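Chemist: Contents of entry.tsv (TSV, C-alpha atoms) are given next:
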```
chain	number	residue	atom	x	y	z
A	1	GLN	CA	18.62	-0.46	28.36
A	2	SER	CA	16.83	1.55	25.67
A	3	LEU	CA	16.38	-0.38	22.44
A	4	LEU	CA	16.51	2.78	20.39
A	5	LEU	CA	19.26	5.39	20.41
A	6	GLY	CA	18.51	8.95	21.35
A	7	LYS	CA	15.63	10.60	23.19
A	8	GLN	CA	12.63	11.98	21.41
A	9	ALA	CA	9.87	14.24	22.61
A	10	PRO	CA	6.63	12.41	23.45
A	11	LEU	CA	4.03	12.30	20.71
A	12	CYS	CA	1.33	14.87	21.34
A	13	PHE	CA	-1.65	13.31	19.64
A	14	GLU	CA	-4.37	10.81	20.23
A	15	PRO	CA	-4.22	7.96	17.73
A	16	GLU	CA	-7.08	7.56	15.29
A	17	ARG	CA	-9.57	4.94	16.32
A	18	ARG	CA	-11.43	2.91	13.76
A	19	GLY	CA	-14.87	4.31	13.00
A	20	SER	CA	-14.54	7.06	15.61
A	21	HIS	CA	-15.59	9.87	13.27
A	22	PRO	CA	-18.51	10.06	10.81
A	23	TYR	CA	-17.69	10.91	7.23
A	24	LEU	CA	-18.95	14.27	6.08
A	25	GLY	CA	-20.47	15.06	2.71
A	26	VAL	CA	-20.15	11.87	0.69
A	27	ASP	CA	-20.33	8.57	2.57
A	28	PHE	CA	-17.02	7.01	1.50
A	29	ARG	CA	-17.95	3.71	3.10
A	30	THR	CA	-20.47	3.15	0.32
A	31	LEU	CA	-18.44	4.43	-2.62
A	32	HIS	CA	-17.89	1.03	-4.18
A	33	CYS	CA	-21.05	-0.79	-3.11
A	34	LYS	CA	-24.68	0.07	-2.38
A	35	TYR	CA	-24.50	-1.30	1.12
A	36	GLN	CA	-21.81	-2.41	3.48
A	37	SER	CA	-21.33	-6.15	3.61
A	38	GLU	CA	-22.03	-6.85	7.26
A	39	GLU	CA	-21.54	-10.55	6.59
A	40	ILE	CA	-17.91	-9.93	5.65
A	41	ARG	CA	-17.27	-7.77	8.71
A	42	ARG	CA	-18.88	-10.41	10.93
A	43	LEU	CA	-16.67	-13.03	9.30
A	44	PHE	CA	-13.56	-11.00	10.07
A	45	SER	CA	-14.69	-10.43	13.65
A	46	PHE	CA	-15.43	-14.12	14.10
A	47	GLN	CA	-12.06	-15.03	12.57
A	48	ARG	CA	-10.31	-12.63	14.93
A	49	HIS	CA	-12.20	-14.02	17.94
A	50	LEU	CA	-11.56	-17.63	16.92
A	51	LEU	CA	-7.88	-16.98	16.27
A	52	THR	CA	-7.30	-15.22	19.59
A	53	SER	CA	-9.39	-17.60	21.68
A	54	ARG	CA	-7.59	-20.66	20.27
A	55	LEU	CA	-4.24	-19.12	21.06
A	56	LEU	CA	-5.35	-18.17	24.57
A	57	ARG	CA	-6.47	-21.75	25.16
A	58	GLY	CA	-2.98	-22.86	24.23
A	59	THR	CA	-3.83	-24.58	20.96
A	60	PRO	CA	-0.49	-24.84	19.12
A	61	HIS	CA	-0.31	-22.99	15.81
A	62	LEU	CA	3.28	-22.95	14.69
A	63	SER	CA	2.60	-22.08	11.07
A	64	PRO	CA	1.54	-18.55	10.05
A	65	LEU	CA	-0.77	-20.27	7.54
A	66	HIS	CA	-2.60	-22.45	10.06
A	67	PHE	CA	-6.00	-20.97	9.28
A	68	LEU	CA	-5.92	-22.00	5.60
A	69	ASP	CA	-7.72	-24.88	3.95
A	70	GLU	CA	-5.36	-27.84	3.74
A	71	ASP	CA	-5.71	-28.01	-0.05
A	72	TYR	CA	-4.22	-24.53	-0.41
A	73	CYS	CA	-1.85	-24.49	2.55
A	74	GLY	CA	0.91	-26.45	0.80
A	75	GLN	CA	0.84	-24.22	-2.28
A	76	ALA	CA	0.88	-21.07	-0.15
A	77	LYS	CA	3.84	-22.38	1.84
A	78	CYS	CA	5.69	-23.13	-1.39
A	79	MET	CA	5.09	-19.55	-2.52
A	80	LEU	CA	6.40	-18.15	0.76
A	81	GLU	CA	9.66	-19.99	0.17
A	82	LYS	CA	10.05	-17.75	-2.91
A	83	VAL	CA	8.81	-14.56	-1.24
A	84	GLY	CA	12.07	-12.80	-2.11
A	85	SER	CA	11.48	-13.22	-5.85
A	86	TRP	CA	10.54	-10.09	-7.79
A	87	ASN	CA	8.12	-12.23	-9.83
A	88	PHE	CA	6.11	-13.11	-6.69
A	89	ASP	CA	2.42	-13.25	-7.68
A	90	ILE	CA	0.58	-11.55	-4.82
A	91	PHE	CA	-2.80	-12.11	-6.50
A	92	LEU	CA	-2.30	-15.87	-6.55
A	93	PHE	CA	-0.97	-15.82	-3.00
A	94	ASP	CA	-4.05	-13.91	-1.85
A	95	ARG	CA	-6.30	-16.53	-3.39
A	96	LEU	CA	-4.31	-19.37	-1.83
A	97	THR	CA	-4.55	-17.72	1.60
A	98	ASN	CA	-8.30	-17.17	1.26
A	99	GLY	CA	-7.90	-13.39	1.20
A	100	ASN	CA	-5.42	-13.30	4.09
A	101	SER	CA	-2.30	-12.41	2.12
A	102	LEU	CA	-1.37	-9.44	4.32
A	103	ILE	CA	-1.61	-11.41	7.58
A	104	SER	CA	0.20	-14.45	6.18
A	105	LEU	CA	2.99	-12.57	4.44
A	106	THR	CA	3.74	-10.10	7.24
A	107	LEU	CA	3.71	-12.78	9.92
A	108	TYR	CA	6.02	-14.95	7.83
A	109	LEU	CA	8.47	-12.07	7.33
A	110	LEU	CA	8.45	-11.08	11.01
A	111	THR	CA	9.32	-14.70	11.79
A	112	HIS	CA	11.84	-14.94	8.94
A	113	TYR	CA	13.83	-11.98	10.27
A	114	GLY	CA	13.64	-13.29	13.85
A	115	LEU	CA	11.91	-10.07	14.98
A	116	ILE	CA	9.26	-11.72	17.14
A	117	GLU	CA	11.87	-13.41	19.28
A	118	LEU	CA	14.32	-10.51	19.21
A	119	PHE	CA	11.78	-7.92	20.37
A	120	GLN	CA	10.01	-10.44	22.63
A	121	LEU	CA	6.68	-9.80	20.93
A	122	ASP	CA	3.63	-11.64	22.22
A	123	MET	CA	2.42	-13.89	19.39
A	124	VAL	CA	-1.24	-13.42	20.39
A	125	LYS	CA	-0.82	-9.64	20.14
A	126	VAL	CA	1.08	-9.91	16.85
A	127	ARG	CA	-1.66	-11.98	15.24
A	128	ARG	CA	-4.42	-9.77	16.59
A	129	PHE	CA	-2.63	-6.65	15.36
A	130	LEU	CA	-2.23	-8.10	11.85
A	131	VAL	CA	-5.85	-9.23	11.71
A	132	LEU	CA	-7.00	-5.75	12.71
A	133	VAL	CA	-4.69	-4.15	10.15
A	134	GLN	CA	-6.04	-6.35	7.35
A	135	GLU	CA	-9.61	-5.74	8.51
A	136	ASP	CA	-9.12	-1.98	8.42
A	137	TYR	CA	-8.22	-1.96	4.74
A	138	HIS	CA	-11.27	-1.41	2.54
A	139	ASN	CA	-11.27	-4.40	0.26
A	140	HIS	CA	-14.02	-2.93	-1.89
A	141	ASN	CA	-11.38	-0.43	-3.06
A	142	PRO	CA	-10.10	-1.76	-6.40
A	143	TYR	CA	-6.53	-0.69	-5.61
A	144	HIS	CA	-5.95	0.67	-2.10
A	145	ASN	CA	-6.76	-2.54	-0.25
A	146	SER	CA	-4.99	-5.20	1.81
A	147	VAL	CA	-3.59	-6.94	-1.29
A	148	HIS	CA	-1.80	-3.72	-2.26
A	149	ALA	CA	-0.44	-3.50	1.30
A	150	ALA	CA	0.78	-7.11	1.05
A	151	ASP	CA	2.39	-6.36	-2.31
A	152	VAL	CA	4.22	-3.33	-0.91
A	153	THR	CA	5.36	-5.41	2.08
A	154	GLN	CA	6.75	-8.08	-0.25
A	155	ALA	CA	8.56	-5.42	-2.31
A	156	MET	CA	10.00	-3.93	0.87
A	157	HIS	CA	11.34	-7.37	1.78
A	158	CYS	CA	13.09	-7.53	-1.61
A	159	TYR	CA	14.73	-4.14	-0.96
A	160	LEU	CA	15.73	-5.05	2.60
A	161	LYS	CA	17.69	-7.98	1.12
A	162	GLU	CA	19.73	-5.74	-1.18
A	163	PRO	CA	23.43	-5.86	-0.16
A	164	LYS	CA	23.78	-2.22	0.93
A	165	LEU	CA	20.72	-2.42	3.15
A	166	ALA	CA	21.16	-5.98	4.40
A	167	LYS	CA	24.57	-5.24	5.89
A	168	SER	CA	23.64	-1.82	7.32
A	169	LEU	CA	20.09	-1.85	8.65
A	170	THR	CA	19.44	-2.67	12.28
A	171	SER	CA	16.73	-5.08	13.43
A	172	CYS	CA	14.71	-2.06	14.50
A	173	ASP	CA	15.00	-0.59	10.98
A	174	VAL	CA	13.76	-3.88	9.48
A	175	LEU	CA	10.82	-4.08	11.92
A	176	LEU	CA	9.81	-0.50	11.16
A	177	GLY	CA	10.18	-1.04	7.42
A	178	LEU	CA	7.87	-4.05	7.42
A	179	LEU	CA	5.28	-2.45	9.73
A	180	ALA	CA	5.29	0.77	7.68
A	181	ALA	CA	4.78	-1.21	4.46
A	182	ALA	CA	1.91	-3.21	5.95
A	183	THR	CA	0.11	-0.14	7.36
A	184	HIS	CA	1.09	2.61	4.90
A	185	ASP	CA	-2.44	2.91	3.40
A	186	LEU	CA	-4.47	1.83	6.43
A	187	ASP	CA	-8.16	2.80	6.25
A	188	HIS	CA	-7.72	4.39	2.80
A	189	PRO	CA	-11.16	5.63	1.65
A	190	GLY	CA	-10.50	5.04	-2.07
A	191	VAL	CA	-10.36	8.75	-2.95
A	192	ASN	CA	-7.42	11.16	-3.04
A	193	GLN	CA	-6.51	14.19	-0.96
A	194	PRO	CA	-7.94	16.84	-3.34
A	195	PHE	CA	-11.29	15.05	-3.10
A	196	LEU	CA	-11.18	15.18	0.70
A	197	VAL	CA	-10.29	18.86	0.61
A	198	LYS	CA	-13.02	19.94	-1.80
A	199	THR	CA	-15.70	17.94	0.04
A	200	ASN	CA	-14.68	19.53	3.37
A	201	HIS	CA	-13.95	16.15	4.87
A	202	TYR	CA	-13.13	16.18	8.57
A	203	LEU	CA	-9.69	14.64	7.92
A	204	ALA	CA	-8.75	17.53	5.61
A	205	ALA	CA	-9.65	19.99	8.37
A	206	LEU	CA	-7.92	17.89	11.05
A	207	TYR	CA	-4.61	17.81	9.15
A	208	ARG	CA	-4.95	21.26	7.58
A	209	ASN	CA	-4.94	19.91	4.03
A	210	THR	CA	-1.39	18.59	4.46
A	211	SER	CA	-0.55	14.91	3.84
A	212	VAL	CA	-4.13	14.22	4.88
A	213	LEU	CA	-4.30	10.53	3.97
A	214	GLU	CA	-0.76	9.72	5.11
A	215	ASN	CA	-1.35	11.33	8.50
A	216	HIS	CA	-4.54	9.32	8.85
A	217	HIS	CA	-2.80	6.06	7.88
A	218	TRP	CA	-0.11	6.73	10.47
A	219	ARG	CA	-2.50	7.65	13.28
A	220	SER	CA	-4.68	4.65	12.45
A	221	ALA	CA	-1.63	2.37	12.66
A	222	VAL	CA	-0.66	3.87	16.02
A	223	GLY	CA	-4.23	3.34	17.19
A	224	LEU	CA	-3.98	-0.37	16.44
A	225	LEU	CA	-0.54	-0.64	18.04
A	226	ARG	CA	-1.94	0.83	21.23
A	227	GLU	CA	-5.21	-1.09	21.06
A	228	THR	CA	-3.36	-4.40	20.81
A	229	GLU	CA	-0.59	-3.24	23.18
A	230	LEU	CA	1.95	-4.76	20.80
A	231	PHE	CA	4.82	-2.70	22.24
A	232	SER	CA	3.46	-2.32	25.78
A	233	HIS	CA	6.34	-4.41	27.19
A	234	LEU	CA	8.93	-1.97	25.83
A	235	PRO	CA	10.06	1.13	27.73
A	236	THR	CA	7.68	4.05	27.02
A	237	GLU	CA	10.46	6.01	25.36
A	238	ASP	CA	11.12	3.15	22.94
A	239	SER	CA	7.48	2.59	21.98
A	240	LEU	CA	7.01	6.34	21.38
A	241	ASN	CA	10.14	6.35	19.22
A	242	MET	CA	8.76	3.44	17.21
A	243	GLU	CA	5.48	5.32	16.65
A	244	ARG	CA	7.30	8.50	15.60
A	245	GLN	CA	9.60	6.73	13.14
A	246	LEU	CA	6.69	4.72	11.76
A	247	GLY	CA	4.98	8.03	11.04
A	248	SER	CA	8.07	9.45	9.36
A	249	LEU	CA	8.16	6.46	7.00
A	250	ILE	CA	4.45	6.52	6.16
A	251	LEU	CA	4.45	10.31	5.61
A	252	ALA	CA	7.23	9.85	3.05
A	253	THR	CA	4.75	8.06	0.76
A	254	ASP	CA	2.89	11.33	0.11
A	255	ILE	CA	3.15	11.56	-3.67
A	256	SER	CA	2.78	15.35	-3.56
A	257	ARG	CA	6.20	15.49	-1.84
A	258	GLN	CA	7.83	13.24	-4.43
A	259	ASN	CA	10.13	15.90	-5.86
A	260	GLU	CA	11.25	16.98	-2.39
A	261	TYR	CA	12.43	13.47	-1.47
A	262	LEU	CA	13.82	12.74	-4.93
A	263	SER	CA	15.83	15.95	-4.98
A	264	LYS	CA	17.33	15.19	-1.58
A	265	PHE	CA	18.16	11.63	-2.66
A	266	ARG	CA	19.77	12.86	-5.90
A	267	THR	CA	21.88	15.41	-4.00
A	268	HIS	CA	23.16	12.72	-1.63
A	269	LEU	CA	24.08	10.50	-4.57
A	270	ASP	CA	25.78	13.32	-6.47
A	271	GLN	CA	27.85	14.23	-3.42
A	272	GLU	CA	28.42	10.57	-2.50
A	273	ASP	CA	27.86	11.41	1.15
A	274	LEU	CA	25.26	8.79	2.14
A	275	CYS	CA	26.64	6.99	5.18
A	276	LEU	CA	24.52	4.04	6.28
A	277	GLY	CA	26.35	4.01	9.60
A	278	ASN	CA	24.51	7.25	10.29
A	279	THR	CA	21.06	6.72	11.87
A	280	SER	CA	19.36	9.58	10.01
A	281	HIS	CA	20.86	8.49	6.66
A	282	ARG	CA	19.67	4.91	7.23
A	283	HIS	CA	16.20	6.17	8.01
A	284	PHE	CA	16.18	8.30	4.86
A	285	VAL	CA	17.16	5.31	2.72
A	286	LEU	CA	14.36	3.34	4.38
A	287	GLN	CA	11.96	6.14	3.41
A	288	MET	CA	13.13	5.91	-0.19
A	289	ALA	CA	12.79	2.12	-0.14
A	290	LEU	CA	9.18	2.45	1.04
A	291	LYS	CA	8.49	5.04	-1.65
A	292	CYS	CA	9.84	2.64	-4.27
A	293	ALA	CA	7.83	-0.26	-2.85
A	294	ASP	CA	4.65	1.84	-2.87
A	295	ILE	CA	4.81	2.64	-6.59
A	296	CYS	CA	6.73	-0.37	-7.91
A	297	ASN	CA	3.80	-1.83	-9.88
A	298	PRO	CA	5.08	-0.55	-13.26
A	299	CYS	CA	8.39	-2.32	-12.50
A	300	ARG	CA	6.77	-5.74	-12.05
A	301	PRO	CA	6.43	-8.32	-14.85
A	302	TRP	CA	3.73	-7.32	-17.36
A	303	GLU	CA	1.18	-9.90	-16.19
A	304	LEU	CA	1.23	-8.40	-12.69
A	305	SER	CA	1.81	-4.78	-13.66
A	306	LYS	CA	-1.15	-4.73	-16.04
A	307	GLN	CA	-3.53	-5.96	-13.35
A	308	TRP	CA	-2.40	-3.23	-10.96
A	309	SER	CA	-2.74	-0.60	-13.70
A	310	GLU	CA	-6.31	-1.65	-14.37
A	311	LYS	CA	-7.17	-1.61	-10.68
A	312	VAL	CA	-5.72	1.83	-9.91
A	313	THR	CA	-7.37	3.34	-12.99
A	314	GLU	CA	-10.68	1.78	-12.01
A	315	GLU	CA	-10.38	3.49	-8.63
A	316	PHE	CA	-9.50	6.82	-10.27
A	317	PHE	CA	-12.44	6.60	-12.66
A	318	HIS	CA	-14.80	5.68	-9.85
A	319	GLN	CA	-13.78	8.82	-8.00
A	320	GLY	CA	-14.42	10.77	-11.21
A	321	ASP	CA	-17.91	9.28	-11.47
A	322	ILE	CA	-18.66	10.35	-7.88
A	323	GLU	CA	-17.37	13.85	-8.59
A	324	LYS	CA	-19.63	14.09	-11.65
A	325	LYS	CA	-22.60	12.80	-9.67
A	326	HIS	CA	-22.10	15.44	-6.96
A	327	LYS	CA	-21.39	18.24	-9.49
A	328	LEU	CA	-17.76	18.59	-8.39
A	329	GLU	CA	-14.82	19.43	-10.62
A	330	VAL	CA	-13.42	16.13	-11.88
A	331	SER	CA	-9.89	15.51	-10.61
A	332	PRO	CA	-7.03	14.99	-13.09
A	333	LEU	CA	-6.77	11.40	-14.40
A	334	CYS	CA	-10.21	10.59	-12.98
A	335	ASP	CA	-12.37	11.27	-16.04
A	336	SER	CA	-12.96	8.05	-17.95
A	337	GLU	CA	-14.20	10.03	-20.96
A	338	THR	CA	-10.94	11.90	-21.50
A	339	ASN	CA	-8.39	9.42	-20.11
A	340	SER	CA	-7.44	5.83	-20.88
A	341	ILE	CA	-5.48	3.31	-18.84
A	342	ALA	CA	-2.58	3.70	-21.27
A	343	ASP	CA	-2.57	7.51	-20.95
A	344	VAL	CA	-2.60	7.37	-17.16
A	345	GLN	CA	0.13	4.74	-16.97
A	346	ILE	CA	2.49	6.31	-19.51
A	347	GLY	CA	2.31	9.65	-17.74
A	348	PHE	CA	2.82	8.04	-14.34
A	349	MET	CA	5.79	6.01	-15.54
A	350	THR	CA	7.43	8.94	-17.30
A	351	TYR	CA	7.12	11.63	-14.65
A	352	VAL	CA	7.00	9.70	-11.36
A	353	VAL	CA	8.32	6.14	-11.60
A	354	GLU	CA	11.28	6.46	-14.00
A	355	PRO	CA	13.02	9.33	-12.15
A	356	LEU	CA	12.67	7.56	-8.78
A	357	PHE	CA	13.88	4.14	-9.90
A	358	ALA	CA	16.73	5.61	-11.94
A	359	GLU	CA	18.09	7.18	-8.75
A	360	TRP	CA	17.44	4.01	-6.75
A	361	ALA	CA	19.53	2.10	-9.33
A	362	ARG	CA	22.33	4.63	-8.83
A	363	PHE	CA	22.19	3.95	-5.10
A	364	SER	CA	21.80	0.19	-5.37
A	365	ASP	CA	23.17	-0.98	-8.72
A	366	THR	CA	22.16	-4.62	-8.47
A	367	ARG	CA	20.49	-7.26	-10.57
A	368	LEU	CA	17.15	-6.39	-8.96
A	369	SER	CA	17.46	-2.71	-9.89
A	370	GLN	CA	18.28	-3.58	-13.50
A	371	THR	CA	15.39	-6.06	-13.58
A	372	MET	CA	12.97	-3.39	-12.37
A	373	LEU	CA	14.17	-0.85	-14.94
A	374	GLY	CA	13.94	-3.51	-17.64
A	375	HIS	CA	10.32	-4.33	-16.77
A	376	LEU	CA	9.52	-0.62	-16.58
A	377	CYS	CA	10.86	-0.06	-20.09
A	378	LEU	CA	8.97	-3.06	-21.53
A	379	ASN	CA	5.73	-2.18	-19.75
A	380	LYS	CA	5.86	1.41	-20.97
A	381	ALA	CA	6.41	0.15	-24.52
A	382	SER	CA	3.41	-2.17	-24.14
A	383	TRP	CA	1.14	0.69	-23.05
A	384	ASN	CA	2.49	2.86	-25.87
A	385	ALA	CA	1.67	0.08	-28.34
A	386	MET	CA	-1.88	0.00	-27.04
A	387	GLN	CA	-2.53	3.68	-27.66
A	388	PRO	CA	-2.96	3.42	-31.47
A	389	GLU	CA	-5.35	0.50	-30.91
A	390	GLU	CA	-7.44	2.60	-28.54
A	391	ALA	CA	-7.45	5.51	-30.98
A	392	GLU	CA	-8.42	3.18	-33.87
A	393	GLY	CA	-11.18	1.71	-31.69
A	394	GLU	CA	-12.60	5.17	-31.01
A	395	GLN	CA	-12.33	6.10	-34.69
A	396	ALA	CA	-14.08	2.90	-35.74
A	397	ALA	CA	-16.88	3.58	-33.25
A	398	ALA	CA	-17.25	7.10	-34.64
A	399	THR	CA	-17.46	5.80	-38.22
A	400	GLU	CA	-20.03	3.21	-37.28
A	401	GLU	CA	-22.22	5.77	-35.53
A	402	PRO	CA	-23.82	7.27	-38.69
A	403	SER	CA	-24.65	3.84	-40.09
A	404	SER	CA	-26.47	2.95	-36.87
A	405	ARG	CA	-28.64	6.02	-37.41
A	406	ALA	CA	-29.18	5.27	-41.14
A	407	LEU	CA	-32.66	5.92	-42.45
A	408	PRO	CA	-34.82	2.99	-43.54
A	409	GLN	CA	-34.39	1.90	-47.15
A	410	GLY	CA	-36.32	4.06	-49.60
A	411	SER	CA	-36.57	7.09	-47.32
A	412	GLN	CA	-34.82	10.37	-48.04
A	413	GLU	CA	-32.94	12.79	-45.84
A	414	CYS	CA	-34.34	16.32	-45.59
```
I'd like the structure from this file rewritten - as structure tokens, please.
Modeler:
Amino acid sequence: QSLLLGKQAPLCFEPERRGSHPYLGVDFRTLHCKYQSEEIRRLFSFQRHLLTSRLLRGTPHLSPLHFLDEDYCGQAKCMLEKVGSWNFDIFLFDRLTNGNSLISLTLYLLTHYGLIELFQLDMVKVRRFLVLVQEDYHNHNPYHNSVHAADVTQAMHCYLKEPKLAKSLTSCDVLLGLLAAATHDLDHPGVNQPFLVKTNHYLAALYRNTSVLENHHWRSAVGLLRETELFSHLPTEDSLNMERQLGSLILATDISRQNEYLSKFRTHLDQEDLCLGNTSHRHFVLQMALKCADICNPCRPWELSKQWSEKVTEEFFHQGDIEKKHKLEVSPLCDSETNSIADVQIGFMTYVVEPLFAEWARFSDTRLSQTMLGHLCLNKASWNAMQPEEAEGEQAAATEEPSSRALPQGSQEC
């Protein structure tokens, strides 16, 4: 019997394969470092080989954290017991898991929801898939890396536990939500879509300048699903449906379509016609949940939110530096000379985050929603408070400049 309701047309595309196309123009693989760290890639490959070979030999590994040092394993396990907390520190968890936060967290959640058993997933394939997913994130990106993916996955888990979703979503919805969160930025090059378009990147041409990165993330995820044959035991119709719905979720994270999704969400809420018994309505709510998870950093406690703000701005400014170097027009928010972290964050919170989370709170008026809005308000106030300090710092530097060029004592200006 089909696990998914309804028939869908087969997908007419070949999934992206890792490293199958050369980058054109600027070599994005070296944006953040002078050379690629082959040692790190070899370490990942060895880890993947060791992990798979041990499992194939039948060595028992019941814990998703079995590959950790014993000193850290206990602390990481303790953190996983609190994985549903909105204060979950993903940076600490990543350190405790030796940089394997995405693998550890996703595997734990798949087990927690009973999805591995329910969908009869092969544990060897699951682990291999997650290792490949983590490996395909560019961890030299300050922001769009595997830790961000793990953070989004943890946020998605928090939303899946909200009463309205918990009692309505199917196991298939939960599986898709977690997989979409884990892979939503797969193989992100650390630059945005306008950069890809103006440098005539092959991806921009391939996807006709439309949701370029999101299409690539989706196709890359499908490539790994097929490479690992994670769903090969399911009927073809079901596995194709899973791939299509995964794409629909990932494509919803395109920030350029934010108003489109927000307007539709607001209309549903105004008309009070969202019915979570309806498959398409459930899927739409899952899209909105992923959108919230993707940009929830400003709604985290200040200690976490500030770190994310610094990382995303660093990535923006690095793109701006590359654009200057190659005589390209500098993208908005990417010029470190005319923007500050506070400026970027206040604008982002005001025009993107606040409208989305205000509507989410209308849909799911819970303690978590109020907590997120509370953090958002406090964090915005903190960045606002920093602006005068930055302005004073610049003014002080300007005043000190003439004194640094002062003439030696006894000399006269012309």
Chemist: At what distance in Å, to one decimal, does atom CA of Leu213 of chain A lie from atom CA of Gly320 of chain A?
Modeler: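 Distance reported for this atom pair: 18.2 Å.
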Chemist: Fewer than 5 positions away in the same chain doesn't count, so skip those; otherwise give me all residues within 8 Å of Phe317 of chain A, counting all atoms listed in the file, as a PyMOL selection string.
Modeler: chain A and resi 333-336
Chemist: Those residues you just picked out, can you put them in a file as a JSON list (two decimals), keeping the file's coordinate frame with C-alpha atoms?
Modeler:
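Saved file out-v5.json follows:
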```json
[["chain", "number", "residue", "atom", "x", "y", "z"],
["A", 333, "LEU", "CA", -6.77, 11.40, -14.40],
["A", 334, "CYS", "CA", -10.21, 10.59, -12.98],
["A", 335, "ASP", "CA", -12.37, 11.27, -16.04],
["A", 336, "SER", "CA", -12.96, 8.05, -17.95]]
```
Chemist: Quick one: of A:Thr106, A:Ser220, A:Gln307, A:Thr350, who's nearest to Leu246 of chain A, counting all atoms listed in the file?
Modeler: A:Ser220
Chemist: In Å to one decimal, how far is atom CA of Leu225 of chain A from atom CA of Leu169 of chain A?
Modeler: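 Those two atoms sit 22.7 Å apart.
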Chemist: Taking all atoms of segment 290-306 of chain A that the file lists and extending 4 Å past them on each side, where is the centre of the axis-aligned box and how long are its edges? Answer in Å to one decimal, as AutoDock Vina command-line options.
Modeler:
```
--center_x 4.3 --center_y -2.4 --center_z -8.2 --size_x 19.0 --size_y 22.9 --size_z 26.4
```
Chemist: Quick one: residues within 12 Å of (15.9, -6.8, 2.9) (file frame), counting only C-alpha atoms, please, as a PyMOL selection string.
Modeler: chain A and resi 83-85+109-110+112-113+153-171+173-175+177-178+286+289-290+293+368
Chemist: Could you write out the selected residues, including C-alpha atoms, as a short mmCIF file (atom, residue, chain, number, x, y, z; two decimals), in the coordinates of the input?
Modeler:
```cif
data_model
loop_
_atom_site.label_atom_id
_atom_site.label_comp_id
_atom_site.auth_asym_id
_atom_site.auth_seq_id
_atom_site.Cartn_x
_atom_site.Cartn_y
_atom_site.Cartn_z
CA VAL A 83 8.81 -14.56 -1.24
CA GLY A 84 12.07 -12.80 -2.11
CA SER A 85 11.48 -13.22 -5.85
CA LEU A 109 8.47 -12.07 7.33
CA LEU A 110 8.45 -11.08 11.01
CA HIS A 112 11.84 -14.94 8.94
CA TYR A 113 13.83 -11.98 10.27
CA THR A 153 5.36 -5.41 2.08
CA GLN A 154 6.75 -8.08 -0.25
CA ALA A 155 8.56 -5.42 -2.31
CA MET A 156 10.00 -3.93 0.87
CA HIS A 157 11.34 -7.37 1.78
CA CYS A 158 13.09 -7.53 -1.61
CA TYR A 159 14.73 -4.14 -0.96
CA LEU A 160 15.73 -5.05 2.60
CA LYS A 161 17.69 -7.98 1.12
CA GLU A 162 19.73 -5.74 -1.18
CA PRO A 163 23.43 -5.86 -0.16
CA LYS A 164 23.78 -2.22 0.93
CA LEU A 165 20.72 -2.42 3.15
CA ALA A 166 21.16 -5.98 4.40
CA LYS A 167 24.57 -5.24 5.89
CA SER A 168 23.64 -1.82 7.32
CA LEU A 169 20.09 -1.85 8.65
CA THR A 170 19.44 -2.67 12.28
CA SER A 171 16.73 -5.08 13.43
CA ASP A 173 15.00 -0.59 10.98
CA VAL A 174 13.76 -3.88 9.48
CA LEU A 175 10.82 -4.08 11.92
CA GLY A 177 10.18 -1.04 7.42
CA LEU A 178 7.87 -4.05 7.42
CA LEU A 286 14.36 3.34 4.38
CA ALA A 289 12.79 2.12 -0.14
CA LEU A 290 9.18 2.45 1.04
CA ALA A 293 7.83 -0.26 -2.85
CA LEU A 368 17.15 -6.39 -8.96
#
```
Chemist: Please measure the separation of atom CA of Ser369 of chain A and atom CA of Phe357 of chain A, giving the value in Å to one decimal.
Modeler: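 Between atom CA of Ser369 of chain A and atom CA of Phe357 of chain A the gap works out to 7.7 Å.
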Chemist: Tell me which protein, DNA and RNA residues are within 8 Å of segment 251-256 of chain A, counting all atoms listed in the file, leaving out same-chain ones fewer than 5 positions away, and put them as a ChimeraX atom specification.
Modeler: /A:184,211,214-215,218,261,287-288,290-291,294
Chemist: From the set A:Leu230, A:Leu186, A:Ile90, A:Val222, which residue has the shortest atom-to-atom contact distance to Phe129 of chain A, counting all atoms listed in the file?
Modeler: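 Closest to Phe129 of chain A, using all atoms listed in the file: A:Leu230.
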